[in-house]
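What follows is the content of final-v9.pdb, which has PDB, C-alpha atoms:
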ATOM      1  CA  MET A  10     -24.871-146.111  71.325
ATOM      2  CA  ARG A  11     -24.004-148.387  74.231
ATOM      3  CA  VAL A  12     -20.624-149.167  75.724
ATOM      4  CA  MET A  13     -19.201-151.564  78.253
ATOM      5  CA  LYS A  14     -16.427-150.517  80.578
ATOM      6  CA  LYS A  15     -13.180-152.417  80.061
ATOM      7  CA  PRO A  16     -12.141-154.636  82.951
ATOM      8  CA  VAL A  17      -9.337-153.178  85.040
ATOM      9  CA  ILE A  18      -7.288-155.218  87.482
ATOM     10  CA  MET A  19      -6.760-153.234  90.671
ATOM     11  CA  GLN A  20      -4.737-153.900  93.790
ATOM     12  CA  VAL A  21      -6.691-153.878  97.035
ATOM     13  CA  PHE A  22      -6.038-153.538 100.756
ATOM     14  CA  GLN A  23      -8.614-153.941 103.521
ATOM     15  CA  LEU A  24      -8.190-151.797 106.624
ATOM     16  CA  THR A  25      -8.775-153.703 109.839
ATOM     17  CA  LYS A  26      -7.733-152.978 113.397
ATOM     18  CA  GLU A  27      -5.009-155.598 112.989
ATOM     19  CA  THR A  28      -3.639-154.196 109.694
ATOM     20  CA  ARG A  29      -3.698-150.702 111.199
ATOM     21  CA  LYS A  30      -1.606-151.741 114.206
ATOM     22  CA  ASP A  31       0.901-153.769 112.180
ATOM     23  CA  ASN A  32       1.829-152.538 108.728
ATOM     24  CA  SER A  33       4.270-155.369 107.954
ATOM     25  CA  ASP A  34       1.771-156.943 105.523
ATOM     26  CA  TRP A  35       0.857-153.706 103.759
ATOM     27  CA  PRO A  36       1.413-153.841  99.998
ATOM     28  CA  ARG A  37       4.252-151.751  98.582
ATOM     29  CA  TRP A  38       1.874-149.124  97.145
ATOM     30  CA  MET A  39       0.376-148.547 100.622
ATOM     31  CA  HIS A  40       3.841-147.921 102.082
ATOM     32  CA  ILE A  41       4.524-145.444  99.269
ATOM     33  CA  ALA A  42       1.198-143.665  99.924
ATOM     34  CA  TRP A  43       1.930-143.614 103.681
ATOM     35  CA  ASN A  44       5.252-141.862 103.093
ATOM     36  CA  ARG A  45       3.804-139.114 100.885
ATOM     37  CA  SER A  46       3.222-135.637 102.223
ATOM     38  CA  PRO A  47      -0.258-135.505 103.848
ATOM     39  CA  LEU A  48      -1.257-132.750 101.421
ATOM     40  CA  GLU A  49      -0.186-134.714  98.342
ATOM     41  CA  GLU A  50      -2.836-136.498  96.299
ATOM     42  CA  GLY A  51      -2.476-140.238  96.829
ATOM     43  CA  ALA A  52      -1.318-139.887 100.430
ATOM     44  CA  VAL A  53      -2.630-142.154 103.188
ATOM     45  CA  VAL A  54      -2.594-140.546 106.630
ATOM     46  CA  PRO A  55      -3.974-141.345 110.089
ATOM     47  CA  SER A  56      -7.398-139.819 110.657
ATOM     48  CA  GLN A  57      -6.076-138.173 113.832
ATOM     49  CA  PHE A  58      -2.968-136.753 112.104
ATOM     50  CA  PRO A  59      -0.714-135.376 113.519
ATOM     51  CA  ARG A  60      -1.766-136.681 116.955
ATOM     52  CA  SER A  61      -2.336-140.329 116.011
ATOM     53  CA  ASP A  62      -1.731-143.053 118.563
ATOM     54  CA  GLY A  63      -1.713-145.784 115.879
ATOM     55  CA  THR A  64      -5.198-147.097 116.658
ATOM     56  CA  ASP A  65      -7.236-144.590 114.656
ATOM     57  CA  THR A  66      -8.587-145.140 111.152
ATOM     58  CA  LEU A  67      -7.048-143.669 107.993
ATOM     59  CA  ARG A  68      -7.781-140.958 105.438
ATOM     60  CA  VAL A  69      -6.898-141.105 101.753
ATOM     61  CA  HIS A  70      -6.139-137.908  99.865
ATOM     62  CA  THR A  71      -7.935-138.454  96.545
ATOM     63  CA  TYR A  72      -8.415-136.040  93.663
ATOM     64  CA  GLU A  73     -11.790-135.216  95.250
ATOM     65  CA  GLY A  74     -10.287-134.432  98.666
ATOM     66  CA  PHE A  75      -9.834-136.480 101.834
ATOM     67  CA  VAL A  76     -11.899-139.654 102.183
ATOM     68  CA  GLU A  77     -12.274-141.421 105.527
ATOM     69  CA  VAL A  78     -11.360-145.109 105.614
ATOM     70  CA  CYS A  79     -13.274-146.971 108.323
ATOM     71  CA  PHE A  80     -12.269-150.383 109.629
ATOM     72  CA  GLY A  81     -13.498-152.945 107.115
ATOM     73  CA  ASP A  82     -13.293-150.551 104.153
ATOM     74  CA  TYR A  83     -11.155-151.341 101.127
ATOM     75  CA  ILE A  84      -8.552-149.088  99.536
ATOM     76  CA  LEU A  85      -8.143-149.796  95.827
ATOM     77  CA  CYS A  86      -5.135-148.768  93.771
ATOM     78  CA  SER A  87      -5.667-148.396  90.022
ATOM     79  CA  PRO A  88      -2.978-149.230  87.456
ATOM     80  CA  HIS A  89      -2.307-145.467  87.295
ATOM     81  CA  GLY A  90      -1.789-145.264  91.072
ATOM     82  CA  ASN A  91      -5.087-143.522  91.883
ATOM     83  CA  LEU A  92      -6.560-144.519  95.242
ATOM     84  CA  THR A  93     -10.258-145.125  95.877
ATOM     85  CA  VAL A  94     -12.092-146.078  99.070
ATOM     86  CA  VAL A  95     -14.897-148.650  98.811
ATOM     87  CA  LYS A  96     -17.295-149.807 101.527
ATOM     88  CA  PRO A  97     -17.491-153.609 102.087
ATOM     89  CA  VAL A  98     -21.039-153.955 100.690
ATOM     90  CA  GLU A  99     -20.100-152.070  97.519
ATOM     91  CA  PHE A 100     -16.878-154.079  97.210
ATOM     92  CA  GLU A 101     -18.693-157.430  97.445
ATOM     93  CA  ALA A 102     -21.287-156.312  94.867
ATOM     94  CA  ALA A 103     -18.890-154.837  92.322
ATOM     95  CA  TYR A 104     -15.601-156.755  92.531
ATOM     96  CA  ASP A 105     -14.449-160.348  92.103
ATOM     97  CA  VAL A 106     -11.169-161.510  93.569
ATOM     98  CA  ILE A 107      -8.974-162.941  90.813
ATOM     99  CA  PRO A 108      -6.376-165.694  91.156
ATOM    100  CA  GLU A 109      -2.786-164.514  91.689
ATOM    101  CA  TRP A 110      -1.680-166.031  88.388
ATOM    102  CA  MET A 111      -3.991-163.613  86.537
ATOM    103  CA  ALA A 112      -2.565-160.543  88.283
ATOM    104  CA  THR A 113       0.005-158.597  86.347
ATOM    105  CA  ASP A 114       2.078-156.203  88.439
TER
END
File written out as C-alpha coordinates:
Amino acid sequence: MRVMKKPVIMQVFQLTKETRKDNSDWPRWMHIAWNRSPLEEGAVVPSQFPRSDGTDTLRVHTYEGFVEVCFGDYILCSPHGNLTVVKPVEFEAAYDVIPEWMATD
(Lines of atoms letter the chains of each structure in order from A and count residues from 1; the text may use other names and numbers.)
(Lines give C-alpha, C1' and ligand atoms only; values in the text may rest on other atoms or scores of the structure.)
Protein backbone atom coordinates (compact mmCIF):
# COMPACT_ATOMS: atom_id res chain seq x y z
CA MET A 1 0.00 0.00 0.00
CA ARG A 2 1.11 3.56 -0.67
CA VAL A 3 -0.25 6.79 0.73
CA MET A 4 0.20 10.48 0.12
CA LYS A 5 0.13 12.94 2.97
CA LYS A 6 -2.76 15.40 2.82
CA PRO A 7 -1.76 19.02 2.28
CA VAL A 8 -1.95 21.12 5.42
CA ILE A 9 -1.93 24.91 5.39
CA MET A 10 0.30 26.19 8.17
CA GLN A 11 1.04 29.67 9.45
CA VAL A 12 4.69 30.68 9.42
CA PHE A 13 6.95 33.25 11.04
CA GLN A 14 10.62 33.84 10.22
CA LEU A 15 12.89 34.93 13.06
CA THR A 16 15.27 37.69 12.08
CA LYS A 17 17.22 40.17 14.16
CA GLU A 18 14.65 42.80 13.19
CA THR A 19 11.59 40.68 14.11
CA ARG A 20 13.26 39.76 17.40
CA LYS A 21 13.82 43.39 18.38
CA ASP A 22 10.33 44.54 17.35
CA ASN A 23 7.44 42.17 17.87
CA SER A 24 4.76 44.52 16.49
CA ASP A 25 4.48 42.42 13.30
CA TRP A 26 4.37 39.06 15.06
CA PRO A 27 1.28 37.01 14.19
CA ARG A 28 -1.33 36.54 16.91
CA TRP A 29 -0.31 32.91 17.54
CA MET A 30 3.29 34.02 18.25
CA HIS A 31 2.07 36.53 20.85
CA ILE A 32 -0.01 33.77 22.47
CA ALA A 33 3.02 31.42 22.52
CA TRP A 34 5.21 34.22 23.95
CA ASN A 35 2.80 34.73 26.85
CA ARG A 36 2.66 31.05 27.82
CA SER A 37 4.57 29.74 30.80
CA PRO A 38 8.12 28.81 29.67
CA LEU A 39 7.52 25.23 30.81
CA GLU A 40 4.27 24.87 28.85
CA GLU A 41 4.34 23.06 25.52
CA GLY A 42 3.87 25.59 22.73
CA ALA A 43 5.70 28.36 24.58
CA VAL A 44 8.20 30.62 22.82
CA VAL A 45 10.89 32.00 25.12
CA PRO A 46 14.17 33.90 24.74
CA SER A 47 17.15 31.58 24.50
CA GLN A 48 18.78 33.47 27.38
CA PHE A 49 15.66 33.31 29.59
CA PRO A 50 15.35 34.72 32.22
CA ARG A 51 18.31 37.05 31.57
CA SER A 52 17.44 38.08 28.00
CA ASP A 53 18.41 41.50 26.74
CA GLY A 54 16.04 41.24 23.74
CA THR A 55 18.76 40.53 21.17
CA ASP A 56 19.13 36.79 21.72
CA THR A 57 17.46 34.08 19.64
CA LEU A 58 14.40 32.10 20.74
CA ARG A 59 13.51 28.61 21.94
CA VAL A 60 10.26 26.80 21.23
CA HIS A 61 8.91 24.29 23.73
CA THR A 62 7.67 21.46 21.50
CA TYR A 63 6.33 18.05 22.48
CA GLU A 64 9.90 16.79 21.96
CA GLY A 65 11.44 19.39 24.28
CA PHE A 66 13.06 22.78 23.67
CA VAL A 67 14.21 23.56 20.13
CA GLU A 68 16.56 26.45 19.40
CA VAL A 69 15.41 28.97 16.80
CA CYS A 70 18.35 30.66 15.08
CA PHE A 71 18.04 33.87 13.09
CA GLY A 72 16.67 32.95 9.67
CA ASP A 73 14.81 29.87 10.95
CA TYR A 74 11.06 29.52 10.49
CA ILE A 75 8.52 28.72 13.19
CA LEU A 76 5.48 26.93 11.78
CA CYS A 77 2.12 26.70 13.52
CA SER A 78 -0.13 23.80 12.54
CA PRO A 79 -3.93 24.06 12.44
CA HIS A 80 -3.89 22.32 15.85
CA GLY A 81 -1.52 24.93 17.31
CA ASN A 82 1.59 22.72 17.38
CA LEU A 83 4.83 24.61 16.76
CA THR A 84 7.71 23.31 14.65
CA VAL A 85 11.08 24.87 13.84
CA VAL A 86 12.40 24.54 10.28
CA LYS A 87 15.78 25.59 8.91
CA PRO A 88 15.70 27.87 5.81
CA VAL A 89 17.07 25.21 3.42
CA GLU A 90 14.47 22.67 4.56
CA PHE A 91 11.73 25.31 4.37
CA GLU A 92 12.60 26.25 0.77
CA ALA A 93 12.71 22.57 -0.26
CA ALA A 94 9.49 21.46 1.42
CA TYR A 95 7.09 24.42 1.48
CA ASP A 96 5.42 26.69 -1.07
CA VAL A 97 4.04 30.06 -0.04
CA ILE A 98 0.35 30.25 -0.93
CA PRO A 99 -1.62 33.36 -1.86
CA GLU A 100 -3.50 35.04 1.00
CA TRP A 101 -6.85 34.33 -0.63
CA MET A 102 -6.21 30.58 -0.25
CA ALA A 103 -5.44 30.85 3.47
CA THR A 104 -8.26 29.97 5.80
CA ASP A 105 -7.80 31.18 9.37
Give me, as a Markdown table, the closest atom pair and its distance (Å, one decimal) for every residue of range 77-110 of chain A within a cut-off of 10 Å of range 38-47 of chain A, counting all atoms listed in the file, rows sorted by chain and rising number.
| residue | atom | partner | partner_atom | distance |
| --- | --- | --- | --- | --- |
| A:Ile84 | CA | A:Met39 | CA | 9.0 |
| A:Leu85 | CA | A:Met39 | CA | 9.9 |
| A:Cys86 | CA | A:Trp38 | CA | 7.8 |
| A:Gly90 | CA | A:Trp38 | CA | 8.1 |
| A:Leu92 | CA | A:Ala42 | CA | 9.1 |
Test item: residues at most 8 Å from range 15-24 of chain A, only C-alpha atoms, excluding those fewer than 6 positions along its chain, as an MDAnalysis selection string:
chainID A and resid 35:36 78:88 112
Report, in Å with one decimal, the straight-line distance from CA of Arg29 in chain A to CA of Pro108 in chain A.
25.2 Å
So which one's closest to Val76 in chain A, A:Glu50, A:Pro97, A:Tyr104, A:His89? Using all atoms listed in the file, please.
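Closest to Val76 in chain A, using all atoms listed in the file: A:Glu50.
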Can you work out which one of A:Lys14, A:Lys30, A:Lys96, A:Arg37 has the shortest atom-to-atom distance to Glu77 in chain A, counting only C-alpha atoms?
A:Lys96
Mind telling me what the PyMOL selection byres ((chain A and resi 75) around 12) catches here, as a list of chain:residue names?
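Applied to this file, the PyMOL selection byres ((chain A and resi 75) around 12) returns A:Pro47, A:Leu48, A:Glu49, A:Glu50, A:Gly51, A:Ala52, A:Val53, A:Val54, A:Pro55, A:Ser56, A:Leu67, A:Arg68, A:Val69, A:His70, A:Thr71, A:Tyr72, A:Glu73, A:Gly74, A:Val76, A:Glu77, A:Val78, A:Leu92, A:Thr93, A:Val94.
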My list of candidates is A:Arg11, A:Gly63, A:Gln57, A:Ile107. Which is closest to Asn32 in chain A when distances are computed with all atoms listed in the file?
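Among the listed residues, A:Gly63 lies closest to Asn32 in chain A.
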Work out how far apart CA of Asp105 in chain A and CA of Asp31 in chain A are and give it in Å to one decimal.
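Between CA of Asp105 in chain A and CA of Asp31 in chain A the gap works out to 26.1 Å.
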